[in-house]
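Trainee: For reference, the file start-v8.cif (mmCIF, C-alpha atoms) is included below:
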```
data_protein
loop_
_atom_site.label_atom_id
_atom_site.label_comp_id
_atom_site.auth_asym_id
_atom_site.auth_seq_id
_atom_site.Cartn_x
_atom_site.Cartn_y
_atom_site.Cartn_z
CA MET I 267 -45.46 66.39 -16.65
CA SER I 268 -47.44 63.82 -14.69
CA ALA I 269 -48.80 64.91 -11.33
CA ALA I 270 -47.25 61.76 -9.84
CA VAL I 271 -43.67 62.77 -10.73
CA ALA I 272 -42.43 66.29 -10.05
CA PRO I 273 -39.63 67.86 -12.15
CA LEU I 274 -37.20 67.69 -9.20
CA GLN I 275 -37.89 63.97 -8.74
CA ASP I 276 -37.41 63.33 -12.44
CA ALA I 277 -34.09 65.20 -12.55
CA PHE I 278 -32.85 63.43 -9.41
CA TRP I 279 -33.89 60.00 -10.67
CA ARG I 280 -32.23 60.59 -14.05
CA VAL I 281 -28.91 61.21 -12.31
CA CYS I 282 -29.46 58.10 -10.19
CA GLU I 283 -30.17 56.00 -13.28
CA ARG I 284 -26.98 57.19 -14.98
CA LEU I 285 -25.03 56.28 -11.85
CA MET I 286 -26.58 52.80 -11.81
CA TYR I 287 -25.96 52.30 -15.52
CA ARG I 288 -22.26 53.08 -15.16
CA HIS I 289 -21.34 52.28 -11.56
CA THR I 290 -23.66 50.37 -9.24
CA THR I 291 -26.84 48.44 -8.52
CA PRO I 292 -30.20 49.78 -7.34
CA TRP I 293 -29.77 48.36 -3.83
CA GLU I 294 -26.23 49.70 -3.44
CA LEU I 295 -27.37 53.17 -4.53
CA ASP I 296 -30.42 53.09 -2.24
CA GLU I 297 -28.30 51.81 0.65
CA ALA I 298 -25.70 54.56 0.17
CA LEU I 299 -28.31 57.32 0.12
CA VAL I 300 -30.23 55.96 3.10
CA ALA I 301 -26.96 55.59 5.05
CA TRP I 302 -26.19 59.22 4.20
CA GLY I 303 -29.54 60.29 5.62
CA TYR I 304 -32.24 60.04 2.95
CA GLY I 305 -35.46 58.55 4.27
CA LEU I 306 -35.96 56.31 1.22
CA GLY I 307 -33.76 55.25 -1.67
CA PRO I 308 -34.59 56.51 -5.18
CA CYS I 309 -35.07 53.04 -6.69
CA GLU I 310 -37.51 51.93 -4.03
CA ALA I 311 -39.31 55.27 -4.36
CA GLN I 312 -39.68 54.76 -8.12
CA ASP I 313 -40.98 51.24 -7.53
CA LEU I 314 -43.65 52.72 -5.24
CA ILE I 315 -44.77 55.28 -7.84
CA GLY I 316 -44.53 52.82 -10.73
CA LEU I 317 -41.78 52.53 -13.31
CA ASP I 318 -44.32 52.89 -16.11
CA VAL I 319 -45.25 56.31 -14.70
CA VAL I 320 -41.58 57.30 -14.35
CA LEU I 321 -40.85 56.20 -17.93
CA ARG I 322 -43.92 57.97 -19.34
CA VAL I 323 -42.68 61.27 -17.86
CA ARG I 324 -39.38 60.82 -19.71
CA ASP I 325 -41.08 60.66 -23.09
CA GLY I 326 -37.96 59.03 -24.54
CA VAL I 327 -35.65 61.86 -23.50
CA ASP I 328 -32.41 61.19 -21.58
CA VAL I 329 -33.28 57.59 -20.78
CA THR I 330 -30.78 54.80 -20.31
CA PRO I 331 -31.94 51.58 -21.98
CA VAL I 332 -32.51 49.99 -18.57
CA LEU I 333 -35.83 51.61 -17.62
CA PRO I 334 -37.60 50.99 -20.96
CA ARG I 335 -36.49 47.35 -20.91
CA MET I 336 -37.68 46.88 -17.35
CA VAL I 337 -41.12 48.27 -18.19
CA ALA I 338 -41.30 46.21 -21.42
CA GLU I 339 -40.59 43.09 -19.34
CA GLY I 340 -43.40 43.95 -16.92
CA ARG I 341 -41.15 45.19 -14.13
CA ILE I 342 -43.51 48.00 -13.22
CA GLY I 343 -42.82 48.30 -9.49
CA LYS I 344 -44.31 47.22 -6.21
CA ARG I 345 -47.94 47.11 -7.36
CA PHE I 346 -46.96 44.39 -9.87
CA GLY I 347 -44.59 42.55 -7.52
CA TRP I 348 -41.32 43.54 -9.16
CA GLY I 349 -39.39 46.53 -10.41
CA TYR I 350 -35.90 47.42 -9.24
CA TYR I 351 -36.72 45.04 -6.38
CA ARG I 352 -39.01 42.04 -5.97
CA TYR I 353 -41.96 42.31 -3.58
CA PRO I 354 -42.98 38.76 -2.71
CA GLY I 355 -46.55 38.59 -1.50
CA GLY I 356 -46.76 42.39 -1.71
CA GLY I 357 -44.26 42.69 1.16
CA GLY I 358 -41.04 44.64 1.50
CA ALA I 359 -38.33 45.11 -1.09
CA VAL I 360 -36.07 42.12 -1.80
CA ILE I 361 -32.90 42.34 -3.90
CA ASP I 362 -33.35 40.91 -7.40
CA PRO I 363 -29.99 39.86 -8.88
CA LEU I 364 -31.59 39.70 -12.33
CA ILE I 365 -31.72 43.52 -12.34
CA GLU I 366 -27.96 43.67 -11.92
CA ASP I 367 -27.63 41.29 -14.88
CA LEU I 368 -30.04 43.43 -16.92
CA ILE I 369 -28.10 46.63 -16.17
CA CYS I 370 -24.75 45.01 -16.99
CA GLU I 371 -26.12 43.50 -20.19
CA GLU I 372 -27.54 46.80 -21.41
CA ALA I 373 -24.25 48.56 -20.63
CA TRP I 374 -22.30 45.86 -22.45
CA LEU I 375 -24.58 46.08 -25.51
CA ALA I 376 -24.08 49.87 -25.58
CA LYS I 377 -20.31 49.45 -25.08
CA VAL I 378 -20.49 51.43 -21.85
CA SER I 379 -17.77 50.46 -19.43
CA ARG I 380 -18.90 50.08 -15.88
CA THR I 381 -16.64 50.95 -12.98
CA GLU I 382 -17.78 50.19 -9.47
CA LEU I 383 -17.92 53.15 -7.10
CA ALA I 384 -18.14 53.10 -3.31
CA GLY I 385 -21.33 54.36 -1.69
CA ASP I 386 -19.84 57.62 -0.44
CA VAL I 387 -18.53 58.40 -3.93
CA LEU I 388 -21.96 57.71 -5.43
CA VAL I 389 -23.57 60.11 -2.97
CA THR I 390 -20.94 62.77 -3.66
CA ARG I 391 -21.39 62.48 -7.43
CA LEU I 392 -25.15 62.66 -7.13
CA HIS I 393 -24.94 65.77 -4.96
CA GLU I 394 -22.40 67.38 -7.29
CA GLU I 395 -24.84 67.05 -10.18
CA MET I 396 -27.93 68.02 -8.18
CA ARG I 397 -26.51 70.61 -5.76
CA GLU I 398 -28.19 73.69 -7.23
CA GLU I 399 -31.57 72.00 -7.71
CA LEU I 400 -31.54 70.62 -4.17
CA ARG I 401 -30.49 73.91 -2.58
CA GLY I 402 -32.97 75.86 -4.69
CA ASN I 403 -35.88 73.56 -3.83
CA ILE I 404 -35.12 72.30 -0.33
CA ASP I 405 -38.77 72.03 0.72
CA ALA I 406 -39.55 69.91 -2.36
CA ALA I 407 -36.34 67.90 -1.86
CA VAL I 408 -37.36 67.04 1.68
CA ARG I 409 -40.94 66.22 0.70
CA LEU I 410 -40.37 64.44 -2.63
CA LEU I 411 -36.86 62.99 -2.35
CA HIS I 412 -36.82 62.26 1.38
CA PHE I 413 -33.76 64.50 1.62
CA PRO I 414 -32.53 65.10 5.18
CA ALA I 415 -33.08 68.85 5.68
CA ASP I 416 -30.44 69.05 8.39
CA ARG I 417 -27.76 67.96 5.88
CA LEU I 418 -28.24 70.76 3.33
CA ALA I 419 -25.04 72.51 4.45
CA VAL I 420 -22.90 69.50 3.50
CA ILE I 421 -23.88 69.33 -0.15
#
```
If you convert what's in this file into structure tokens, what do you get?

Mentor:
Amino acid sequence: MSAAVAPLQDAFWRVCERLMYRHTTPWELDEALVAWGYGLGPCEAQDLIGLDVVLRVRDGVDVTPVLPRMVAEGRIGKRFGWGYYRYPGGGGAVIDPLIEDLICEEAWLAKVSRTELAGDVLVTRLHEEMREELRGNIDAAVRLLHFPADRLAVI
């Protein structure tokens, strides 16, 4: 596994990608997690590392069609000006509605029905899937996922 992406990050981001593919947008997911207490949303974090790096770690395993398509289109992340978000002039993250279209199109092509979920439900589902990994690796979760250590008891 790449030194830039730890196993806990990869597992967490896989769950996030499945949630996006079926239920939400990158900015809604990031917003829900930041509102819950995370220091940084998972999509913005992946943009900072580089989506090509994230995809390379996957090695074709358990990947929704969204990430490979983004990388194929040159949506590599902040260092290239666009990924899950756009970064005009190298600045902060700006919502890119084309990503929502891309996600919806890939889901439609795969005959995956999307149902919108509220932010608190997204956070709950993510924590249900990741509970044991987060509790078992709290130091790494705080360091790598920007998890709020004071909220461990609520997951």

Trainee: For stretch 375-389 of chain I, please output as an mmCIF file with C-alpha atoms, in the frame of the given file all residues within 10 Å (counting all atoms listed in the file; exclusion window: fewer than 4 positions along the same chain).

Mentor:
```cif
data_model
loop_
_atom_site.group_PDB
_atom_site.id
_atom_site.type_symbol
_atom_site.label_atom_id
_atom_site.label_comp_id
_atom_site.auth_asym_id
_atom_site.auth_seq_id
_atom_site.Cartn_x
_atom_site.Cartn_y
_atom_site.Cartn_z
ATOM 1 C CA CYS I 282 -29.460 58.100 -10.190
ATOM 2 C CA LEU I 285 -25.030 56.280 -11.850
ATOM 3 C CA MET I 286 -26.580 52.800 -11.810
ATOM 4 C CA TYR I 287 -25.960 52.300 -15.520
ATOM 5 C CA ARG I 288 -22.260 53.080 -15.160
ATOM 6 C CA HIS I 289 -21.340 52.280 -11.560
ATOM 7 C CA THR I 290 -23.660 50.370 -9.240
ATOM 8 C CA THR I 291 -26.840 48.440 -8.520
ATOM 9 C CA GLU I 294 -26.230 49.700 -3.440
ATOM 10 C CA LEU I 295 -27.370 53.170 -4.530
ATOM 11 C CA ASP I 296 -30.420 53.090 -2.240
ATOM 12 C CA GLU I 297 -28.300 51.810 0.650
ATOM 13 C CA ALA I 298 -25.700 54.560 0.170
ATOM 14 C CA LEU I 299 -28.310 57.320 0.120
ATOM 15 C CA VAL I 300 -30.230 55.960 3.100
ATOM 16 C CA ALA I 301 -26.960 55.590 5.050
ATOM 17 C CA TRP I 302 -26.190 59.220 4.200
ATOM 18 C CA THR I 330 -30.780 54.800 -20.310
ATOM 19 C CA PRO I 331 -31.940 51.580 -21.980
ATOM 20 C CA ILE I 369 -28.100 46.630 -16.170
ATOM 21 C CA CYS I 370 -24.750 45.010 -16.990
ATOM 22 C CA GLU I 371 -26.120 43.500 -20.190
ATOM 23 C CA HIS I 393 -24.940 65.770 -4.960
ATOM 24 C CA GLU I 394 -22.400 67.380 -7.290
ATOM 25 C CA ILE I 421 -23.880 69.330 -0.150
#
```

Trainee: Name the residues that the PyMOL selection byres ((chain I and resi 349-361) around 8) pulls out of this structure, and write them as a PDB file with C-alpha atoms, in the coordinates of the input.

Mentor:
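To be explicit, this is the file written out as result-v3.pdb:
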```pdb
ATOM      1  CA  PRO I 292     -30.200  49.780  -7.340  1.00  0.00           C
ATOM      2  CA  TRP I 293     -29.770  48.360  -3.830  1.00  0.00           C
ATOM      3  CA  CYS I 309     -35.070  53.040  -6.690  1.00  0.00           C
ATOM      4  CA  GLU I 310     -37.510  51.930  -4.030  1.00  0.00           C
ATOM      5  CA  ASP I 313     -40.980  51.240  -7.530  1.00  0.00           C
ATOM      6  CA  LEU I 317     -41.780  52.530 -13.310  1.00  0.00           C
ATOM      7  CA  MET I 336     -37.680  46.880 -17.350  1.00  0.00           C
ATOM      8  CA  ARG I 341     -41.150  45.190 -14.130  1.00  0.00           C
ATOM      9  CA  ILE I 342     -43.510  48.000 -13.220  1.00  0.00           C
ATOM     10  CA  GLY I 343     -42.820  48.300  -9.490  1.00  0.00           C
ATOM     11  CA  LYS I 344     -44.310  47.220  -6.210  1.00  0.00           C
ATOM     12  CA  ARG I 345     -47.940  47.110  -7.360  1.00  0.00           C
ATOM     13  CA  PHE I 346     -46.960  44.390  -9.870  1.00  0.00           C
ATOM     14  CA  GLY I 347     -44.590  42.550  -7.520  1.00  0.00           C
ATOM     15  CA  TRP I 348     -41.320  43.540  -9.160  1.00  0.00           C
ATOM     16  CA  ASP I 362     -33.350  40.910  -7.400  1.00  0.00           C
ATOM     17  CA  PRO I 363     -29.990  39.860  -8.880  1.00  0.00           C
ATOM     18  CA  ILE I 365     -31.720  43.520 -12.340  1.00  0.00           C
TER      19      ILE I 365
END
```

Trainee: Since I can't run it myself right now, could you work out what the PyMOL selection byres ((chain I and resi 323) around 12) selects here and report it as a ChimeraX atom specification?

Mentor: /I:267-273,275-277,279-280,315-322,324-329,333-334

Trainee: Report, in Å with one decimal, the straight-line distance from atom CA of I:Ala338 to atom CA of I:Asp367.

Mentor: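 Calculated distance between atom CA of I:Ala338 and atom CA of I:Asp367 is 15.9 Å.
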
Trainee: Taking all atoms listed in the file into account, name the residue in I:Val281, I:Leu392, I:Leu274, I:Leu368 that is nearest to I:Arg409.

Mentor: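 Comparing I:Val281, I:Leu392, I:Leu274, I:Leu368 against I:Arg409, the winner is I:Leu274.
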
Trainee: Would you compute the box with edges along x, y and z of the file around stretch 375-388 of chain I, including every atom the file lists for it and 3 Å extra on each side, and give its centre and edge lengths in Å to one decimal, as JSON?

Mentor:
```
{"center_x": -20.6, "center_y": 52.2, "center_z": -13.0, "size_x": 13.9, "size_y": 18.3, "size_z": 31.1}
```
